[in-house]
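First comes the structure, then the notes that go with it.
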Amino acid sequence: MNPRYLTKSRFKLAHECETKLFYTNKKSEYADQSLDDSFLKSLAEGGFQVGELAKYYFCNDPVAENITIDTLNYEEALQLTADKINNGFKVIAEAAFRYENLYIRADIFKIDVQKKEIELHEVKAKSYSSADKFMSADRKTGELTGIKSAWEGYLMDVAFQKYVLQKCFPDYKINAFLLMADKDSVATVKGLNQFFKLSKDGDRVSVSVDPKLTRDKLGDKILKSVNVDDEIQWIWTNPVKTKFKEGLKFAEYVEMLSKSYQDNTKLVVPIHTGCKKCQFRTDSQKADEKALKSGFTECWLHATKLSQQELQKPLVTDLWSFGFRGMSGLIDSGIYLLEDVTGELITSKTRSGANYPGLTPLERRLLQIEKSKNHDTEVFLDKEGLKREMETWTFPLHFIDFETSRVAIPFHEGRKPYEQIAFQFSHHVVSADYSIEHKGQYISFEPGFFPNYEFLRALKKELENDEGTIFRYHNHENTVLCEIYEQLENDPSNIPDKSELLNFIETITHKTDKWTGDRDMVEIQQF
Ligand code: SF4
């Protein structure tokens, strides 16, 4: 049986909700939707590439220099790490350390035995710019008030690792860093991304690297190590934000989680707005097939005293686009079922609907509640509202859809991490007689070619022949075109049709405080 170690991923999970620690790593007992979440997986895969590139910033050739501990076996990894340190290795990737039942794998571990100093670099496929701040401060006094929520997960993670390392190396000074994609940097070599190709072997994703690749072929650095020792000190010395018990210092918190995981006991926290996205929920059919239990149901049965049958009804967490504060108010007042929500309870929590066409958000929520009470599953169509809206459209109607990519390690020389790459669009047209046509498309297949300007030229060609209304789904198409605008504007090379292209983007998009095009695309997600 595997030892019940509190690893960094379990620590991070527990920090989201301490009860989750009980449900995790029980694949054959509890449903866990995060195991099937392809989006999370693909994000993690981006992290693999960044992790592999990072190794080259610490040595010339990580493969030849054999710095990586590859095994997933806990004890084997610990032994191999200890062997490398004893053999004088100064840099180890994915180094394993254990203190009692706390267990970590450090992305990059650098040790100076003479000086008794260690560097811990936690690699994150996240973008960072020198203007980013990890901590918030009081506007008047400038006094630091806490870690910004956007960074909390990352910093808690590295705080946990530094804590474990400090326990393993009590005589060493440990400096901790987040190693991230530097938004201010530019790739100075062609095809940087493709030096690190993702490959899959069963469930395991790995990165294959050309054995001849060395540091000098990778150009300027596009990753940056940012020291986070001050932030960690803050985390260690101030009470941890926890749902289970207030006032715990970091060490006490780690001790509590460690014991709970080791003993397989449940830390029961009050149900909360975060339950809406809890991964330990059954996904009807799938769970039934495998007879998996739902952690969500266990938590809500315990907290609400509703029956199993009542819990099958729509819950307040299902209320359409309702803010966390409002939802929290409902849960705290003991209102769990959508059918028990009244207009008075949500009216003051709903923003004015002045900018919405058709139903206001409040009307939409009240309708949802009404339908829930009446077990009415019929689709609602606001015919009058839709008619009013359609009267503002000009035929032929153009529907465009973009496929884009935004990766940490750029594909192209001269581009920054996480820059927008637009490589495909489709264009459908609805004519005045309501006939539908797949009018055109663009796709770039050419490896190493930066497609954005050709993409834009092709789009212009598709849309410039009439004044028909253009539709987009949500903000994506507007965001992409505004980003291409910036790329074009800042491009020092000679682009003969630059001003025409910029003008075209201004005509069909909007940018806050800058422009609103005469033919600004209509957003259909809001309908
Ligand atoms: S249902 Fe809520 S309380 Fe239970 S584990 Fe999930 S998030 Fe935590």
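Ordering of the structure tokens sets the chain letters (A, B, ...); residue numbers start at 1 within each chain; ligands are numbered from 1 in the order shown.
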
At most 7 Å from ligand 1 (only C-alpha atoms and all ligand atoms): residue list as number ranges by chain:
A: 17-20, 269-272, 274-275, 278-280, 295-297, 299-300

Sel. of strand (DSSP E) residues, stretch 216-325 of chain A, as JSON, numbers by chain:
{"A": [223, 224, 225, 226, 227]}

I need the chosen residues saved as a PDB file, in the first residue's frame, with N, CA, C and O atoms.
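Saved the output as result-v9.pdb:
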```
ATOM      1  N   LEU A 223      11.986  32.856 -19.533  1.00  0.00           N
ATOM      2  CA  LEU A 223      11.428  32.543 -18.208  1.00  0.00           C
ATOM      3  C   LEU A 223      12.177  33.367 -17.179  1.00  0.00           C
ATOM      4  O   LEU A 223      13.358  33.668 -17.355  1.00  0.00           O
ATOM      5  N   LYS A 224      11.497  33.689 -16.091  1.00  0.00           N
ATOM      6  CA  LYS A 224      12.128  34.538 -15.094  1.00  0.00           C
ATOM      7  C   LYS A 224      11.895  33.963 -13.696  1.00  0.00           C
ATOM      8  O   LYS A 224      10.762  33.587 -13.361  1.00  0.00           O
ATOM      9  N   SER A 225      12.962  33.895 -12.901  1.00  0.00           N
ATOM     10  CA  SER A 225      12.835  33.462 -11.508  1.00  0.00           C
ATOM     11  C   SER A 225      12.604  34.693 -10.635  1.00  0.00           C
ATOM     12  O   SER A 225      13.400  35.624 -10.664  1.00  0.00           O
ATOM     13  N   VAL A 226      11.519  34.672  -9.885  1.00  0.00           N
ATOM     14  CA  VAL A 226      11.193  35.818  -9.027  1.00  0.00           C
ATOM     15  C   VAL A 226      11.264  35.368  -7.570  1.00  0.00           C
ATOM     16  O   VAL A 226      10.590  34.403  -7.187  1.00  0.00           O
ATOM     17  N   ASN A 227      12.072  36.057  -6.791  1.00  0.00           N
ATOM     18  CA  ASN A 227      12.228  35.645  -5.385  1.00  0.00           C
ATOM     19  C   ASN A 227      10.944  35.925  -4.607  1.00  0.00           C
ATOM     20  O   ASN A 227      10.359  36.993  -4.725  1.00  0.00           O
TER      21      ASN A 227
END
```

Using only C-alpha atoms, which residues sit within 12 Å of A:Cys59 once same-chain residues fewer than 2 positions away are excluded, as a PDB file with N, CA, C and O atoms, in the first residue's frame?
```pdb
ATOM      1  N   GLU A  52      10.620  21.778 -18.776  1.00  0.00           N
ATOM      2  CA  GLU A  52      11.758  21.217 -19.507  1.00  0.00           C
ATOM      3  C   GLU A  52      12.710  22.322 -19.953  1.00  0.00           C
ATOM      4  O   GLU A  52      13.931  22.195 -19.851  1.00  0.00           O
ATOM      5  N   LEU A  53      12.134  23.431 -20.454  1.00  0.00           N
ATOM      6  CA  LEU A  53      12.967  24.567 -20.867  1.00  0.00           C
ATOM      7  C   LEU A  53      13.745  25.118 -19.668  1.00  0.00           C
ATOM      8  O   LEU A  53      14.932  25.453 -19.783  1.00  0.00           O
ATOM      9  N   ALA A  54      13.060  25.192 -18.510  1.00  0.00           N
ATOM     10  CA  ALA A  54      13.691  25.772 -17.313  1.00  0.00           C
ATOM     11  C   ALA A  54      15.000  25.057 -16.975  1.00  0.00           C
ATOM     12  O   ALA A  54      15.976  25.684 -16.549  1.00  0.00           O
ATOM     13  N   LYS A  55      15.029  23.747 -17.199  1.00  0.00           N
ATOM     14  CA  LYS A  55      16.246  22.981 -16.849  1.00  0.00           C
ATOM     15  C   LYS A  55      17.463  23.518 -17.597  1.00  0.00           C
ATOM     16  O   LYS A  55      18.571  23.520 -17.058  1.00  0.00           O
ATOM     17  N   TYR A  56      17.257  23.983 -18.843  1.00  0.00           N
ATOM     18  CA  TYR A  56      18.388  24.483 -19.643  1.00  0.00           C
ATOM     19  C   TYR A  56      18.914  25.814 -19.119  1.00  0.00           C
ATOM     20  O   TYR A  56      19.996  26.236 -19.485  1.00  0.00           O
ATOM     21  N   TYR A  57      18.127  26.487 -18.299  1.00  0.00           N
ATOM     22  CA  TYR A  57      18.607  27.750 -17.728  1.00  0.00           C
ATOM     23  C   TYR A  57      19.506  27.499 -16.509  1.00  0.00           C
ATOM     24  O   TYR A  57      20.082  28.430 -15.962  1.00  0.00           O
ATOM     25  N   ASP A  61      23.149  21.183 -20.675  1.00  0.00           N
ATOM     26  CA  ASP A  61      22.467  20.071 -21.315  1.00  0.00           C
ATOM     27  C   ASP A  61      21.934  19.117 -20.225  1.00  0.00           C
ATOM     28  O   ASP A  61      22.655  18.220 -19.767  1.00  0.00           O
ATOM     29  N   PRO A  62      20.669  19.325 -19.809  1.00  0.00           N
ATOM     30  CA  PRO A  62      20.122  18.537 -18.685  1.00  0.00           C
ATOM     31  C   PRO A  62      20.104  17.040 -18.927  1.00  0.00           C
ATOM     32  O   PRO A  62      20.155  16.263 -17.985  1.00  0.00           O
ATOM     33  N   VAL A  63      20.014  16.648 -20.235  1.00  0.00           N
ATOM     34  CA  VAL A  63      19.964  15.204 -20.508  1.00  0.00           C
ATOM     35  C   VAL A  63      21.343  14.599 -20.262  1.00  0.00           C
ATOM     36  O   VAL A  63      21.500  13.650 -19.481  1.00  0.00           O
ATOM     37  N   ALA A  64      22.373  15.212 -20.916  1.00  0.00           N
ATOM     38  CA  ALA A  64      23.730  14.679 -20.754  1.00  0.00           C
ATOM     39  C   ALA A  64      24.196  14.791 -19.298  1.00  0.00           C
ATOM     40  O   ALA A  64      24.886  13.918 -18.786  1.00  0.00           O
ATOM     41  N   GLU A  65      23.770  15.855 -18.658  1.00  0.00           N
ATOM     42  CA  GLU A  65      24.226  16.045 -17.283  1.00  0.00           C
ATOM     43  C   GLU A  65      23.378  15.268 -16.275  1.00  0.00           C
ATOM     44  O   GLU A  65      23.649  15.302 -15.067  1.00  0.00           O
ATOM     45  N   ASN A  66      22.324  14.628 -16.773  1.00  0.00           N
ATOM     46  CA  ASN A  66      21.560  13.680 -15.960  1.00  0.00           C
ATOM     47  C   ASN A  66      21.025  14.298 -14.663  1.00  0.00           C
ATOM     48  O   ASN A  66      21.161  13.714 -13.584  1.00  0.00           O
ATOM     49  N   ILE A  67      20.401  15.481 -14.785  1.00  0.00           N
ATOM     50  CA  ILE A  67      19.985  16.167 -13.549  1.00  0.00           C
ATOM     51  C   ILE A  67      18.572  15.795 -13.086  1.00  0.00           C
ATOM     52  O   ILE A  67      18.152  16.174 -12.008  1.00  0.00           O
ATOM     53  N   THR A  68      17.821  15.055 -13.933  1.00  0.00           N
ATOM     54  CA  THR A  68      16.395  14.842 -13.616  1.00  0.00           C
ATOM     55  C   THR A  68      16.149  13.519 -12.892  1.00  0.00           C
ATOM     56  O   THR A  68      16.674  12.474 -13.291  1.00  0.00           O
ATOM     57  N   PHE A  89      26.117  16.578  -7.032  1.00  0.00           N
ATOM     58  CA  PHE A  89      25.277  17.331  -7.982  1.00  0.00           C
ATOM     59  C   PHE A  89      24.891  18.665  -7.358  1.00  0.00           C
ATOM     60  O   PHE A  89      24.501  18.733  -6.193  1.00  0.00           O
ATOM     61  N   LYS A  90      24.971  19.737  -8.155  1.00  0.00           N
ATOM     62  CA  LYS A  90      24.606  21.064  -7.637  1.00  0.00           C
ATOM     63  C   LYS A  90      23.179  21.452  -8.044  1.00  0.00           C
ATOM     64  O   LYS A  90      22.545  22.259  -7.405  1.00  0.00           O
ATOM     65  N   VAL A  91      22.721  20.869  -9.163  1.00  0.00           N
ATOM     66  CA  VAL A  91      21.353  21.153  -9.632  1.00  0.00           C
ATOM     67  C   VAL A  91      20.640  19.821  -9.845  1.00  0.00           C
ATOM     68  O   VAL A  91      21.177  18.923 -10.495  1.00  0.00           O
ATOM     69  N   ILE A  92      19.438  19.711  -9.287  1.00  0.00           N
ATOM     70  CA  ILE A  92      18.638  18.496  -9.497  1.00  0.00           C
ATOM     71  C   ILE A  92      17.228  18.925  -9.886  1.00  0.00           C
ATOM     72  O   ILE A  92      16.639  19.811  -9.252  1.00  0.00           O
ATOM     73  N   ALA A  93      16.711  18.327 -10.943  1.00  0.00           N
ATOM     74  CA  ALA A  93      15.330  18.622 -11.352  1.00  0.00           C
ATOM     75  C   ALA A  93      14.419  17.528 -10.816  1.00  0.00           C
ATOM     76  O   ALA A  93      14.768  16.348 -10.855  1.00  0.00           O
ATOM     77  N   ILE A 108      13.118  22.646  -9.580  1.00  0.00           N
ATOM     78  CA  ILE A 108      14.569  22.844  -9.706  1.00  0.00           C
ATOM     79  C   ILE A 108      15.135  23.073  -8.305  1.00  0.00           C
ATOM     80  O   ILE A 108      14.690  23.984  -7.585  1.00  0.00           O
ATOM     81  N   LYS A 110      18.699  23.646  -6.238  1.00  0.00           N
ATOM     82  CA  LYS A 110      20.106  24.010  -6.440  1.00  0.00           C
ATOM     83  C   LYS A 110      20.754  24.087  -5.066  1.00  0.00           C
ATOM     84  O   LYS A 110      20.217  24.788  -4.176  1.00  0.00           O
ATOM     85  N   LEU A 213      20.145  19.124 -28.304  1.00  0.00           N
ATOM     86  CA  LEU A 213      19.806  20.494 -27.883  1.00  0.00           C
ATOM     87  C   LEU A 213      20.680  20.929 -26.704  1.00  0.00           C
ATOM     88  O   LEU A 213      20.831  20.203 -25.724  1.00  0.00           O
ATOM     89  N   THR A 214      21.238  22.114 -26.830  1.00  0.00           N
ATOM     90  CA  THR A 214      22.026  22.682 -25.721  1.00  0.00           C
ATOM     91  C   THR A 214      21.571  24.117 -25.464  1.00  0.00           C
ATOM     92  O   THR A 214      20.890  24.718 -26.295  1.00  0.00           O
ATOM     93  N   ARG A 215      21.955  24.650 -24.330  1.00  0.00           N
ATOM     94  CA  ARG A 215      21.485  25.971 -23.881  1.00  0.00           C
ATOM     95  C   ARG A 215      21.701  27.066 -24.933  1.00  0.00           C
ATOM     96  O   ARG A 215      20.837  27.921 -25.129  1.00  0.00           O
ATOM     97  N   ASP A 216      22.846  27.048 -25.618  1.00  0.00           N
ATOM     98  CA  ASP A 216      23.160  28.135 -26.550  1.00  0.00           C
ATOM     99  C   ASP A 216      22.196  28.204 -27.744  1.00  0.00           C
ATOM    100  O   ASP A 216      22.100  29.222 -28.418  1.00  0.00           O
TER     101      ASP A 216
END
```

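Minimum atom-to-atom distance to A:Glu122, evaluated using only C-alpha atoms, belongs to A:Gln161 out of A:Asn60, A:Ser435, A:Gln487, A:Gln161.
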
What is the atom CA of A:Glu486 to atom CA of A:Val407 distance in Å?
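Answer for the atom CA of A:Glu486 to atom CA of A:Val407 separation: 17.7 Å.
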
Long-range neighbours of stretch 146-151 of chain A as a count of residues only, 9 Å cut-off, only C-alpha atoms, 4 positions minimum in chain
11

Please list as a ChimeraX atom specification every residue within 10 Å of stretch 21-37 of chain A, counting only C-alpha atoms and excluding residues in the same chain fewer than 5 positions away.
/A:4,6,10-16,42,257-258,260-261,263-268,277-283,286-288,290-296

Sel. of helix (DSSP H, G or I) residues, stretch 30-162 of chain A, as a PyMOL selection string:
chain A and resi 33-36+38-56+74-86+149-162

With N, CA and C atoms kept, could you save the residues just selected as a compact mmCIF listing (two decimals), in the first residue's frame?
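Now in out-v7.txt:
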```
# COMPACT_ATOMS: atom_id res chain seq x y z
N GLN A 33 -14.03 14.52 -10.92
CA GLN A 33 -14.13 15.01 -12.30
C GLN A 33 -12.84 15.66 -12.78
N SER A 34 -11.97 16.03 -11.87
CA SER A 34 -10.72 16.66 -12.32
C SER A 34 -9.85 15.65 -13.06
N LEU A 35 -10.09 14.35 -12.83
CA LEU A 35 -9.30 13.33 -13.52
C LEU A 35 -9.63 13.32 -15.01
N ASP A 36 -10.87 13.77 -15.35
CA ASP A 36 -11.29 13.76 -16.75
C ASP A 36 -11.19 15.13 -17.39
N SER A 38 -10.03 17.71 -19.40
CA SER A 38 -8.99 17.83 -20.43
C SER A 38 -8.37 19.22 -20.44
N PHE A 39 -9.15 20.23 -20.02
CA PHE A 39 -8.59 21.58 -20.01
C PHE A 39 -7.47 21.68 -18.99
N LEU A 40 -7.75 21.16 -17.78
CA LEU A 40 -6.70 21.18 -16.75
C LEU A 40 -5.49 20.40 -17.22
N LYS A 41 -5.79 19.26 -17.88
CA LYS A 41 -4.68 18.44 -18.36
C LYS A 41 -3.83 19.21 -19.36
N SER A 42 -4.50 19.94 -20.28
CA SER A 42 -3.71 20.64 -21.28
C SER A 42 -2.91 21.77 -20.66
N LEU A 43 -3.47 22.38 -19.62
CA LEU A 43 -2.70 23.41 -18.92
C LEU A 43 -1.45 22.77 -18.31
N ALA A 44 -1.66 21.62 -17.70
CA ALA A 44 -0.53 20.92 -17.08
C ALA A 44 0.51 20.56 -18.13
N GLU A 45 0.02 20.21 -19.33
CA GLU A 45 0.96 19.85 -20.40
C GLU A 45 1.81 21.05 -20.80
N GLY A 46 1.22 22.25 -20.81
CA GLY A 46 1.99 23.47 -21.05
C GLY A 46 3.08 23.61 -20.01
N GLY A 47 2.74 23.23 -18.79
CA GLY A 47 3.70 23.28 -17.68
C GLY A 47 4.86 22.34 -17.91
N PHE A 48 4.59 21.20 -18.52
CA PHE A 48 5.67 20.25 -18.80
C PHE A 48 6.73 20.89 -19.68
N GLN A 49 6.27 21.58 -20.74
CA GLN A 49 7.23 22.20 -21.66
C GLN A 49 8.05 23.28 -20.96
N VAL A 50 7.35 24.10 -20.18
CA VAL A 50 8.06 25.18 -19.46
C VAL A 50 9.08 24.56 -18.50
N GLY A 51 8.67 23.48 -17.83
CA GLY A 51 9.55 22.81 -16.88
C GLY A 51 10.81 22.29 -17.57
N GLU A 52 10.62 21.78 -18.78
CA GLU A 52 11.76 21.22 -19.51
C GLU A 52 12.71 22.32 -19.95
N LEU A 53 12.13 23.43 -20.45
CA LEU A 53 12.97 24.57 -20.87
C LEU A 53 13.75 25.12 -19.67
N ALA A 54 13.06 25.19 -18.51
CA ALA A 54 13.69 25.77 -17.31
C ALA A 54 15.00 25.06 -16.98
N LYS A 55 15.03 23.75 -17.20
CA LYS A 55 16.25 22.98 -16.85
C LYS A 55 17.46 23.52 -17.60
N TYR A 56 17.26 23.98 -18.84
CA TYR A 56 18.39 24.48 -19.64
C TYR A 56 18.91 25.81 -19.12
N TYR A 74 7.72 7.01 -4.96
CA TYR A 74 8.12 7.91 -3.86
C TYR A 74 9.49 7.58 -3.29
N GLU A 75 9.66 6.33 -2.87
CA GLU A 75 10.89 5.97 -2.13
C GLU A 75 12.11 5.98 -3.06
N GLU A 76 11.89 5.51 -4.28
CA GLU A 76 12.99 5.48 -5.25
C GLU A 76 13.48 6.90 -5.54
N ALA A 77 12.51 7.82 -5.69
CA ALA A 77 12.87 9.22 -5.98
C ALA A 77 13.66 9.81 -4.81
N LEU A 78 13.26 9.48 -3.61
CA LEU A 78 13.99 10.00 -2.43
C LEU A 78 15.43 9.49 -2.44
N GLN A 79 15.58 8.19 -2.74
CA GLN A 79 16.91 7.59 -2.73
C GLN A 79 17.79 8.18 -3.83
N LEU A 80 17.22 8.34 -5.04
CA LEU A 80 18.01 8.89 -6.16
C LEU A 80 18.43 10.32 -5.87
N THR A 81 17.54 11.09 -5.24
CA THR A 81 17.88 12.49 -4.89
C THR A 81 19.04 12.50 -3.89
N ALA A 82 18.92 11.68 -2.87
CA ALA A 82 19.98 11.64 -1.84
C ALA A 82 21.31 11.22 -2.48
N ASP A 83 21.26 10.26 -3.41
CA ASP A 83 22.48 9.80 -4.08
C ASP A 83 23.12 10.94 -4.86
N LYS A 84 22.28 11.70 -5.57
CA LYS A 84 22.82 12.81 -6.38
C LYS A 84 23.47 13.85 -5.48
N ILE A 85 22.83 14.19 -4.40
CA ILE A 85 23.42 15.19 -3.50
C ILE A 85 24.76 14.66 -2.96
N ASN A 86 24.77 13.41 -2.57
CA ASN A 86 26.02 12.82 -2.04
C ASN A 86 27.11 12.76 -3.10
N SER A 149 -5.32 37.48 -4.11
CA SER A 149 -5.94 36.17 -4.30
C SER A 149 -5.46 35.48 -5.58
N ALA A 150 -5.14 36.26 -6.62
CA ALA A 150 -4.69 35.64 -7.88
C ALA A 150 -3.38 34.88 -7.70
N TRP A 151 -2.61 35.23 -6.69
CA TRP A 151 -1.31 34.59 -6.49
C TRP A 151 -1.30 33.61 -5.32
N GLU A 152 -2.40 33.59 -4.58
CA GLU A 152 -2.40 32.83 -3.33
C GLU A 152 -2.05 31.35 -3.52
N GLY A 153 -2.68 30.73 -4.51
CA GLY A 153 -2.44 29.30 -4.73
C GLY A 153 -0.97 29.01 -5.04
N TYR A 154 -0.37 29.83 -5.89
CA TYR A 154 1.04 29.63 -6.28
C TYR A 154 1.96 29.81 -5.08
N LEU A 155 1.66 30.85 -4.28
CA LEU A 155 2.57 31.15 -3.17
C LEU A 155 2.39 30.16 -2.01
N MET A 156 1.16 29.70 -1.80
CA MET A 156 0.95 28.69 -0.75
C MET A 156 1.71 27.41 -1.12
N ASP A 157 1.71 27.09 -2.41
CA ASP A 157 2.40 25.91 -2.91
C ASP A 157 3.90 25.99 -2.61
N VAL A 158 4.50 27.11 -2.97
CA VAL A 158 5.95 27.23 -2.77
C VAL A 158 6.28 27.41 -1.28
N ALA A 159 5.34 28.01 -0.52
CA ALA A 159 5.54 28.15 0.94
C ALA A 159 5.59 26.75 1.58
N PHE A 160 4.74 25.85 1.08
CA PHE A 160 4.71 24.48 1.59
C PHE A 160 6.03 23.78 1.28
N GLN A 161 6.52 23.97 0.04
CA GLN A 161 7.77 23.30 -0.35
C GLN A 161 8.95 23.82 0.46
N LYS A 162 8.98 25.14 0.64
CA LYS A 162 10.10 25.69 1.41
C LYS A 162 10.04 25.19 2.86
```

Just want the 6 Å neighbourhood of stretch 335-341 of chain A, counted on only C-alpha atoms, with same-chain residues fewer than 6 positions away dropped. Output as a PDB file with C-alpha atoms, in the first residue's frame.
```pdb
ATOM      1  CA  PRO A 314     -31.799  22.303  -8.635  1.00  0.00           C
ATOM      2  CA  LEU A 315     -29.704  23.941  -5.919  1.00  0.00           C
ATOM      3  CA  VAL A 316     -28.920  27.587  -5.230  1.00  0.00           C
ATOM      4  CA  ILE A 369     -36.683  29.891 -10.060  1.00  0.00           C
ATOM      5  CA  SER A 372     -37.724  25.138 -11.089  1.00  0.00           C
ATOM      6  CA  LYS A 373     -40.753  25.379  -8.784  1.00  0.00           C
TER       7      LYS A 373
END
```

Identify which of the residues A:Phe411, A:Phe169, A:Phe455, A:Phe109 lies closest to A:Phe196, counting only C-alpha atoms when measuring atom-to-atom distances.
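Answer, going by the shortest atom-to-atom distance: A:Phe411.
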
Find, counting only C-alpha atoms, the residue in A:Cys482, A:Phe425, A:Thr273, A:Pro396 that gets nearest to A:Lys514.
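Of the candidates, the smallest distance to A:Lys514 is held by A:Cys482.
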
Would you kindly return, as a PyMOL selection string, each protein, DNA or RNA residue with an atom no farther than 10 Å from any atom of A:Val522, considering only C-alpha atoms and excluding same-chain residues fewer than 6 positions away?
chain A and resi 393+398-399+469-475+478+508-509
